[in-house]
Every structure is written in structure tokens, then in C-alpha cells.
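Undergrad: Structure below; questions to follow.
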Amino acid sequence: MRGLRVLIVDDSLLFREILARELLKYLPQGSNIEKAANPFEARDKILEFDPDVMLLDIEMPKMNGVEFLRRLIVQYPLPTVILSGSPQYREQALAAGAVDFVEKPQGHLLHAGSDFFSGLVAKLCAAVVHYLHVQTPDGGDTVLQAGIIAIGASTGGTEALARVLRELRPPLPGIVVVQHIPPMFSRLFAQRLDAETQFKTVEASSGEIVKNNHVFIAPGDKHMRIKRVGRDFIIDCMPGKNVNGHCPSVDVMFRSVAVAARDKAIGVILTGMGGDGAKGLLAMRQAGARTLGQDEASCVVYGMPRVAWEIGAVGRQLSLDAIAGAITSLVIGKQVR
């Protein structure tokens, strides 16, 4: 996948430079950023640079950002995220065609922290996916009709998963999750994620189709496998012996996804003790899937991701802050580029 081409439009030179530098730390490898000081410069940059997504301020000299977006969207549809210190413009910006609205951080941009920049990258990637989705000629799910995201975690994983899923935005392929957790709590965890994220989240049960924009949490006492039936991915949850000391086992799910989805999958291994999931993630990567692993610095326990990294199962190792953006950018790359 090539990286994203991002156009930043803001009248502050210092803000543009700092923002571009920080975003490049979280954008996909190979990404490029161009900058413009006002809508007139932006118009020329759009023609020269052909950006994938625009990050647009509102209060600027020569032309208001909302007015620029209204005029632009008719002639040159471009997924746009508004980044403004004026929240009163939110509704106007969204009505003008912006995909999302983000408030500028209070104080100096350098003090914003990694959460702000990684979250902004996730929104930029999501804006591209959203635009490609709604521009599908038949109005259907063509961009996402083939694909599945599989995530495994253990110790510290409930908070890590919640953080990643809160930063992700629809539309995305269906997400299947194995978290080492007791049976009673897997349903409660699913209910919590359903309330906190933009995805319909349920405790998985056999026979369910893995639908786009849905998250399926493996029951705490059953292995979860994914099977391919025609164009659909079907969930199979069955009791069984512990694998790598666990039921559900991340390895069991990852191995089934490797067979069912092959190169139409994304695998992610998060914080956890032991080595469950490492060999299954390797099977996914060998089948053509893209794979991500959480890095040591951001893990509660750097066990499962470490083993997966050491055996070559992890394509890219990232901080927890960067994983949501990486997942979204891989969806763009696998389904569109």
C-alpha cells in the first residue's frame, strides 16, 4: 500500500508545520503531506497534489473554510476533516460536506499528546474509507464486501481493545475478537463496547454472519472459529480443550481466519501473557493477511506480541495509539489501492 496524501489548509504557518511533522509519525509509511495557507492556495494544491483527504481550518483570510468546502465539493469531491478552534461551526461544516469535525487542542499544539495525533490520523483514514463507501455506484458495500479483522488479546487487553475500537470509525469489515476472559464477563464486555464504540458489538454465537461494522467477542468458555460459506464469513463457537492454556484461544481463531480469509484479512495481536496467538498470526501472514502487533512500551504485558514478533508473525509493530489508524489504512490499501 502506498501512503496517504494529506493536504493541510490552515492560515498559521507554525501550526501547519508542527501538525504535518506530528501526523507523519502516525500516518502509514510512504505518506505525503502538502500545506496551504488559504483556500486559494489549497485549490492549486488540490490540482497539483491530488490529495486523498483534506484537513481544513475554518477561520482563514480571503475565504471561510465552510464556504470553500461548499464550492469545492461540487467540482472536486474530496473527503475532508475540519480541524477548527471554533466548535460553533460544526453543524455548518458537516452540512457543507465535511466527513468529520475535530476541535483544535487547547494551548500549544506540541502539548496535545500522542492521543490527539493518532486519533486525528484514524479520522483521516476513516474519512477516506467513508468517502469511497458512499461513492460506490450501487450504493452498496462494495468497498468492504470482502474482508475481516481479527484481534487477539489477554492481560491488559480489555482496556487496549476498548481504546482501539473507540478510535475506529465505520465503515469497516466485521471484527472478530478473542480476549482471554471468564464466561460471565465476555457478555458484559461486549455490552460495554457496544455502548462505548460506533460498532454493534455482541457476544458471538454459532451461525452468525460476520457483518460489516459489527464486533463479535468470543464467549469466555468457547473456542471461536471462522468459516467461509460463499461470500460470507460464518462464526462457529464450540466448547473444547484449552489450547495454549486458554479457551477461547487466539491461535484457534487466527488459524481459522488464515484458512477462511487468506489475504482478505487483517490480524492484530495486543497485550497479553504467554504466546497464544503467535503461531496463528504467523499462519495468517503466510496466507497473505496483513498483521499488526502492539509494541513493548505500550503493552501491560509484552508476552503474546513479543512471541509473535520474534517468530516473524507481525508485519508492523506499533504503539497502541497508532493501531486504529493502521487498521483503517490497511482497509483502504487492501480493498481499494
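Simple scheme: letters A, B, ... for chains in C-alpha cells order, numbers from 1 for residues in each chain, numbers from 1 for ligands in the order shown.
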With only C-alpha atoms as the counted atoms, please give the residues lying no more than 9 Å from Gly325 (chain A), apart from itself and same-chain residues fewer than 3 positions off, as a compact mmCIF listing (two decimals) with C-alpha atoms, in the first residue's frame.
TA:
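Saved as part.txt:
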```
# COMPACT_ATOMS: atom_id res chain seq x y z
CA TYR A 26 1.31 8.08 12.80
CA LEU A 27 0.36 8.04 9.12
CA PRO A 28 1.05 4.91 7.03
CA SER A 118 -3.11 9.23 16.46
CA GLY A 119 -6.83 9.88 16.82
CA LEU A 120 -6.69 12.50 14.10
CA VAL A 121 -4.93 10.06 11.76
CA ALA A 122 -7.64 7.48 12.46
CA LYS A 123 -10.27 10.07 11.49
CA LEU A 124 -8.41 10.97 8.29
CA CYS A 125 -8.20 7.31 7.27
CA ALA A 126 -11.84 6.78 8.20
CA VAL A 164 -8.62 0.74 19.69
CA GLU A 167 -10.85 5.22 17.79
CA LEU A 168 -12.08 3.20 14.80
CA ASP A 321 -2.03 4.79 19.94
CA ALA A 322 -1.21 4.02 16.30
CA THR A 328 -8.07 1.76 8.85
CA SER A 329 -5.25 2.49 6.42
CA LEU A 330 -4.83 -1.23 5.73
```
Undergrad: Show me, as an MDAnalysis selection string, the residues that have an atom within 10 Å of Pro51 (chain A) when counting only C-alpha atoms, minus same-chain residues fewer than 5 positions from it.
TA: chainID A and resid 4:8 32:34 45:46 78:79
Undergrad: Considering only C-alpha atoms, return as a PyMOL selection string whatever protein or nucleic-acid residues lie within 12 Å of region 106-111 of chain A, sequence-local ones (same chain, fewer than 6 positions apart) excluded.
TA: chain A and resi 12+14-23+84-86+117
Undergrad: Could you dump the residues just selected with N, CA and C atoms as a PDB file, in the first residue's frame?
TA:
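part-v3.pdb, written as the output of this step:
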```
ATOM      1  N   SER A  12      -2.098  29.476   9.798  1.00  0.00           N
ATOM      2  CA  SER A  12      -0.948  29.610  10.687  1.00  0.00           C
ATOM      3  C   SER A  12       0.209  28.741  10.192  1.00  0.00           C
ATOM      4  N   LEU A  14       3.140  28.171  11.643  1.00  0.00           N
ATOM      5  CA  LEU A  14       3.674  27.328  12.715  1.00  0.00           C
ATOM      6  C   LEU A  14       2.769  26.130  12.957  1.00  0.00           C
ATOM      7  N   PHE A  15       1.454  26.363  12.971  1.00  0.00           N
ATOM      8  CA  PHE A  15       0.504  25.270  13.184  1.00  0.00           C
ATOM      9  C   PHE A  15       0.628  24.236  12.074  1.00  0.00           C
ATOM     10  N   ARG A  16       0.699  24.692  10.817  1.00  0.00           N
ATOM     11  CA  ARG A  16       0.813  23.760   9.690  1.00  0.00           C
ATOM     12  C   ARG A  16       2.060  22.900   9.803  1.00  0.00           C
ATOM     13  N   GLU A  17       3.186  23.526  10.133  1.00  0.00           N
ATOM     14  CA  GLU A  17       4.459  22.795  10.173  1.00  0.00           C
ATOM     15  C   GLU A  17       4.480  21.772  11.302  1.00  0.00           C
ATOM     16  N   ILE A  18       4.032  22.177  12.479  1.00  0.00           N
ATOM     17  CA  ILE A  18       4.034  21.247  13.619  1.00  0.00           C
ATOM     18  C   ILE A  18       3.061  20.107  13.362  1.00  0.00           C
ATOM     19  N   LEU A  19       1.878  20.436  12.859  1.00  0.00           N
ATOM     20  CA  LEU A  19       0.866  19.414  12.603  1.00  0.00           C
ATOM     21  C   LEU A  19       1.367  18.396  11.585  1.00  0.00           C
ATOM     22  N   ALA A  20       1.978  18.875  10.507  1.00  0.00           N
ATOM     23  CA  ALA A  20       2.488  17.961   9.477  1.00  0.00           C
ATOM     24  C   ALA A  20       3.555  17.038  10.050  1.00  0.00           C
ATOM     25  N   ARG A  21       4.454  17.606  10.834  1.00  0.00           N
ATOM     26  CA  ARG A  21       5.537  16.796  11.416  1.00  0.00           C
ATOM     27  C   ARG A  21       4.998  15.710  12.339  1.00  0.00           C
ATOM     28  N   GLU A  22       4.029  16.065  13.194  1.00  0.00           N
ATOM     29  CA  GLU A  22       3.494  15.101  14.148  1.00  0.00           C
ATOM     30  C   GLU A  22       2.625  14.048  13.462  1.00  0.00           C
ATOM     31  N   LEU A  23       1.832  14.439  12.476  1.00  0.00           N
ATOM     32  CA  LEU A  23       0.970  13.464  11.791  1.00  0.00           C
ATOM     33  C   LEU A  23       1.786  12.403  11.073  1.00  0.00           C
ATOM     34  N   SER A  84     -10.750  22.736  13.653  1.00  0.00           N
ATOM     35  CA  SER A  84     -11.026  24.135  13.952  1.00  0.00           C
ATOM     36  C   SER A  84     -11.123  24.374  15.448  1.00  0.00           C
ATOM     37  N   GLY A  85     -10.771  25.598  15.837  1.00  0.00           N
ATOM     38  CA  GLY A  85     -10.941  26.017  17.223  1.00  0.00           C
ATOM     39  C   GLY A  85     -12.284  26.664  17.467  1.00  0.00           C
ATOM     40  N   SER A  86     -13.169  26.600  16.489  1.00  0.00           N
ATOM     41  CA  SER A  86     -14.484  27.252  16.588  1.00  0.00           C
ATOM     42  C   SER A  86     -15.596  26.208  16.489  1.00  0.00           C
ATOM     43  N   PHE A 117      -2.951  13.158  18.072  1.00  0.00           N
ATOM     44  CA  PHE A 117      -2.449  12.971  16.717  1.00  0.00           C
ATOM     45  C   PHE A 117      -2.825  11.603  16.147  1.00  0.00           C
TER      46      PHE A 117
END
```
Undergrad: In terms of the shortest atom-to-atom distance over only C-alpha atoms, which of A:Pro248, A:Gly280, A:Pro39, A:Gly207 is closest to Val229 (chain A)?
TA: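 Of A:Pro248, A:Gly280, A:Pro39, A:Gly207, the one nearest Val229 (chain A) is A:Gly207, counting only C-alpha atoms.
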Undergrad: Between CA of Phe185 (chain A) and CA of Met253 (chain A), what distance in Å does the model show, to one decimal?
TA: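 Going from CA of Phe185 (chain A) over to CA of Met253 (chain A), I get 19.2 Å.
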Undergrad: Using DSSP on the backbone, list every residue of region 215-310 of chain A that comes out as strand (DSSP E or B), and give them as number ranges by chain.
TA: A: 215-217, 223-229, 232-238, 243, 246, 265-269, 272, 290-294, 302
Undergrad: Please provide as a ChimeraX atom specification all residues within 10 Å of region 295-300 of chain A, with the sequence filter that same-chain residues fewer than 4 positions apart are discarded (counting only C-alpha atoms).
TA: /A:154-157,159-160,269-273,304-306,309,316-321
Undergrad: Could you write out that same residue set with C-alpha atoms as a PDB file, in the first residue's frame?
TA:
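Output file selection_37.pdb is given in full below:
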```
ATOM      1  CA  SER A 154      -5.068 -11.253  27.027  1.00  0.00           C
ATOM      2  CA  THR A 155      -3.724  -9.475  30.142  1.00  0.00           C
ATOM      3  CA  GLY A 156      -4.495  -5.755  29.820  1.00  0.00           C
ATOM      4  CA  GLY A 157      -6.444  -6.463  26.677  1.00  0.00           C
ATOM      5  CA  GLU A 159      -8.683  -1.663  28.024  1.00  0.00           C
ATOM      6  CA  ALA A 160      -6.437  -1.938  24.958  1.00  0.00           C
ATOM      7  CA  ILE A 269      -2.218  -9.113  18.449  1.00  0.00           C
ATOM      8  CA  LEU A 270      -2.365  -6.982  21.579  1.00  0.00           C
ATOM      9  CA  THR A 271      -1.010  -7.085  25.115  1.00  0.00           C
ATOM     10  CA  GLY A 272      -1.045 -10.431  26.910  1.00  0.00           C
ATOM     11  CA  MET A 273       0.917 -13.023  28.837  1.00  0.00           C
ATOM     12  CA  MET A 304       1.953 -12.568  23.163  1.00  0.00           C
ATOM     13  CA  PRO A 305       3.074  -9.679  20.931  1.00  0.00           C
ATOM     14  CA  ARG A 306       6.728 -10.423  21.720  1.00  0.00           C
ATOM     15  CA  TRP A 309       7.207 -10.556  16.666  1.00  0.00           C
ATOM     16  CA  ARG A 316       4.349  -3.986  11.662  1.00  0.00           C
ATOM     17  CA  GLN A 317       4.869  -3.380  15.364  1.00  0.00           C
ATOM     18  CA  LEU A 318       3.147  -0.233  16.629  1.00  0.00           C
ATOM     19  CA  SER A 319       2.197   1.611  19.790  1.00  0.00           C
ATOM     20  CA  LEU A 320      -1.376   1.182  20.968  1.00  0.00           C
ATOM     21  CA  ASP A 321      -2.033   4.792  19.936  1.00  0.00           C
TER      22      ASP A 321
END
```
Undergrad: For Ser256 (chain A), which residue among A:Leu188, A:Ala150, A:Ala324, A:Pro219 is the nearest when counting only C-alpha atoms?
TA: A:Ala150
Undergrad: Any chance you could list, as a short mmCIF file (atom, residue, chain, number, x, y, z; two decimals) with C-alpha atoms, in the first residue's frame, the residues in region 153-208 of chain A that come up helix (DSSP H, G or I) when DSSP is run on the backbone?
TA:
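And here is the file that came out, states-v6.cif:
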```cif
data_model
loop_
_atom_site.label_atom_id
_atom_site.label_comp_id
_atom_site.auth_asym_id
_atom_site.auth_seq_id
_atom_site.Cartn_x
_atom_site.Cartn_y
_atom_site.Cartn_z
CA GLY A 157 -6.44 -6.46 26.68
CA THR A 158 -9.89 -5.26 27.73
CA GLU A 159 -8.68 -1.66 28.02
CA ALA A 160 -6.44 -1.94 24.96
CA LEU A 161 -9.32 -3.31 22.87
CA ALA A 162 -11.70 -0.64 24.12
CA ARG A 163 -9.22 2.07 23.20
CA VAL A 164 -8.62 0.74 19.69
CA LEU A 165 -12.31 0.20 18.97
CA ARG A 166 -13.26 3.65 20.28
CA GLU A 167 -10.85 5.22 17.79
CA PRO A 183 -17.57 -16.65 30.54
CA MET A 184 -19.72 -14.32 32.59
CA PHE A 185 -17.63 -11.29 31.71
CA SER A 186 -17.39 -11.78 27.94
CA ARG A 187 -21.04 -10.77 27.52
CA LEU A 188 -20.62 -7.80 29.86
CA PHE A 189 -17.52 -6.75 27.95
CA ALA A 190 -19.45 -6.91 24.67
CA GLN A 191 -22.20 -4.77 26.17
CA ARG A 192 -19.66 -2.23 27.35
CA LEU A 193 -18.07 -1.97 23.90
CA ASP A 194 -21.49 -1.69 22.28
CA ALA A 195 -22.15 1.38 24.43
CA GLU A 196 -18.69 2.96 24.03
#
```
Undergrad: If we count only C-alpha atoms, what is near Asn242 (chain A) at a cut-off of 12 Å, once residues fewer than 6 positions away on the same chain are taken out, given as a PyMOL selection string?
TA: chain A and resi 180+220-223+248-252+276
Undergrad: Considering only C-alpha atoms, state which residue in the set A:Ile327, A:Ile234, A:Met224, A:Ala98 is at the smallest distance from Ile209 (chain A).
TA: A:Ile234
Undergrad: Go ahead and compute the interatomic distance for CA of Ser205 (chain A) and CA of Leu281 (chain A), in Å to one decimal.
TA: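 Distance reported for this atom pair: 22.6 Å.
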Undergrad: Near region 58-74 of chain A, within 12 Å and counting only C-alpha atoms, which residues show up once chain neighbours fewer than 3 positions away are dropped, as a ChimeraX atom specification?
TA: /A:8-12,36-44,46-47,54-55,77-99,101-104,131
Undergrad: Filtering to N, CA and C atoms, could you give me those residues as a compact mmCIF listing (two decimals), in the first residue's frame?
TA:
```txt
# COMPACT_ATOMS: atom_id res chain seq x y z
N ILE A 8 -3.09 19.85 4.24
CA ILE A 8 -3.42 20.65 5.42
C ILE A 8 -3.65 22.08 4.97
N VAL A 9 -4.82 22.64 5.31
CA VAL A 9 -5.15 24.02 4.95
C VAL A 9 -5.41 24.79 6.24
N ASP A 10 -4.47 25.69 6.58
CA ASP A 10 -4.57 26.48 7.81
C ASP A 10 -3.73 27.74 7.62
N ASP A 11 -4.21 28.86 8.14
CA ASP A 11 -3.51 30.12 7.90
C ASP A 11 -2.30 30.34 8.80
N SER A 12 -2.10 29.48 9.80
CA SER A 12 -0.95 29.61 10.69
C SER A 12 0.21 28.74 10.19
N ALA A 36 -1.25 24.38 2.68
CA ALA A 36 -1.73 25.61 2.04
C ALA A 36 -2.18 26.57 3.13
N ALA A 37 -1.96 27.88 2.87
CA ALA A 37 -2.27 28.90 3.87
C ALA A 37 -3.69 29.42 3.77
N ASN A 38 -4.37 29.15 2.63
CA ASN A 38 -5.73 29.66 2.45
C ASN A 38 -6.41 28.84 1.35
N PRO A 39 -7.71 29.00 1.17
CA PRO A 39 -8.43 28.22 0.17
C PRO A 39 -7.92 28.39 -1.26
N PHE A 40 -7.39 29.56 -1.60
CA PHE A 40 -6.91 29.77 -2.96
C PHE A 40 -5.64 28.97 -3.22
N GLU A 41 -4.74 28.95 -2.24
CA GLU A 41 -3.57 28.08 -2.35
C GLU A 41 -4.00 26.61 -2.36
N ALA A 42 -5.00 26.31 -1.55
CA ALA A 42 -5.47 24.93 -1.46
C ALA A 42 -6.01 24.45 -2.80
N ARG A 43 -6.74 25.32 -3.50
CA ARG A 43 -7.28 24.95 -4.81
C ARG A 43 -6.17 24.52 -5.76
N ASP A 44 -5.08 25.28 -5.79
CA ASP A 44 -3.96 24.94 -6.66
C ASP A 44 -3.28 23.65 -6.22
N ILE A 46 -4.64 21.16 -4.66
CA ILE A 46 -5.50 20.02 -4.97
C ILE A 46 -5.27 19.55 -6.40
N LEU A 47 -5.14 20.49 -7.31
CA LEU A 47 -4.91 20.13 -8.71
C LEU A 47 -3.53 19.53 -8.93
N MET A 54 -8.39 15.94 2.91
CA MET A 54 -8.00 17.31 3.27
C MET A 54 -8.34 17.57 4.73
N LEU A 55 -7.43 18.25 5.42
CA LEU A 55 -7.61 18.69 6.79
C LEU A 55 -7.74 20.20 6.74
N PRO A 77 -15.05 16.59 -5.52
CA PRO A 77 -15.37 15.88 -4.27
C PRO A 77 -14.10 15.33 -3.61
N LEU A 78 -13.89 15.71 -2.38
CA LEU A 78 -12.67 15.32 -1.66
C LEU A 78 -13.03 15.08 -0.20
N PRO A 79 -12.76 13.89 0.36
CA PRO A 79 -13.04 13.67 1.78
C PRO A 79 -12.31 14.69 2.63
N THR A 80 -13.05 15.35 3.52
CA THR A 80 -12.50 16.47 4.28
C THR A 80 -12.83 16.33 5.75
N VAL A 81 -11.82 16.54 6.58
CA VAL A 81 -11.99 16.62 8.03
C VAL A 81 -11.72 18.05 8.44
N ILE A 82 -12.66 18.67 9.13
CA ILE A 82 -12.48 20.03 9.62
C ILE A 82 -11.71 19.99 10.94
N LEU A 83 -10.66 20.80 11.04
CA LEU A 83 -9.90 20.94 12.28
C LEU A 83 -9.95 22.41 12.66
N SER A 84 -10.75 22.74 13.65
CA SER A 84 -11.03 24.14 13.95
C SER A 84 -11.12 24.37 15.45
N GLY A 85 -10.77 25.60 15.84
CA GLY A 85 -10.94 26.02 17.22
C GLY A 85 -12.28 26.66 17.47
N SER A 86 -13.17 26.60 16.49
CA SER A 86 -14.48 27.25 16.59
C SER A 86 -15.60 26.21 16.49
N PRO A 87 -15.95 25.56 17.59
CA PRO A 87 -16.92 24.47 17.56
C PRO A 87 -18.31 24.90 17.11
N GLN A 88 -18.60 26.20 17.13
CA GLN A 88 -19.93 26.66 16.70
C GLN A 88 -20.17 26.42 15.21
N TYR A 89 -19.11 26.11 14.47
CA TYR A 89 -19.25 25.86 13.04
C TYR A 89 -19.48 24.38 12.71
N ARG A 90 -19.54 23.54 13.73
CA ARG A 90 -19.61 22.09 13.48
C ARG A 90 -20.76 21.72 12.53
N GLU A 91 -21.96 22.13 12.86
CA GLU A 91 -23.11 21.75 12.04
C GLU A 91 -23.02 22.30 10.63
N GLN A 92 -22.55 23.53 10.48
CA GLN A 92 -22.39 24.11 9.15
C GLN A 92 -21.38 23.32 8.33
N ALA A 93 -20.28 22.93 8.98
CA ALA A 93 -19.22 22.19 8.27
C ALA A 93 -19.72 20.83 7.80
N LEU A 94 -20.42 20.13 8.66
CA LEU A 94 -20.93 18.80 8.29
C LEU A 94 -21.99 18.93 7.19
N ALA A 95 -22.82 19.99 7.29
CA ALA A 95 -23.84 20.21 6.26
C ALA A 95 -23.21 20.57 4.92
N ALA A 96 -22.02 21.20 4.96
CA ALA A 96 -21.33 21.59 3.73
C ALA A 96 -20.63 20.41 3.05
N GLY A 97 -20.53 19.27 3.76
CA GLY A 97 -19.94 18.09 3.15
C GLY A 97 -18.73 17.51 3.86
N ALA A 98 -18.34 18.11 5.01
CA ALA A 98 -17.23 17.54 5.77
C ALA A 98 -17.62 16.17 6.31
N VAL A 99 -16.67 15.24 6.33
CA VAL A 99 -16.92 13.91 6.88
C VAL A 99 -16.88 13.92 8.40
N PHE A 101 -15.58 16.49 12.12
CA PHE A 101 -15.19 17.78 12.70
C PHE A 101 -14.39 17.50 13.96
N VAL A 102 -13.18 18.07 14.05
CA VAL A 102 -12.30 17.88 15.20
C VAL A 102 -11.94 19.25 15.76
N GLU A 103 -12.09 19.42 17.06
CA GLU A 103 -11.69 20.68 17.68
C GLU A 103 -10.18 20.72 17.88
N LYS A 104 -9.60 21.88 17.59
CA LYS A 104 -8.17 22.05 17.85
C LYS A 104 -7.91 21.94 19.35
N TYR A 131 -15.75 8.01 2.32
CA TYR A 131 -16.00 8.60 1.01
C TYR A 131 -16.06 7.51 -0.07
```
Undergrad: Quick one: of A:Pro182, A:Gly288, A:Gly293, A:Gly274, who's nearest to Cys247 (chain A), counting only C-alpha atoms?
TA: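 For Cys247 (chain A), the nearest of the given residues is A:Pro182.
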Undergrad: Suppose you want the space between CA of Leu282 (chain A) and CA of Phe233 (chain A); what is it in Å?
TA: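 Between these atoms lies a distance of 20.3 Å.
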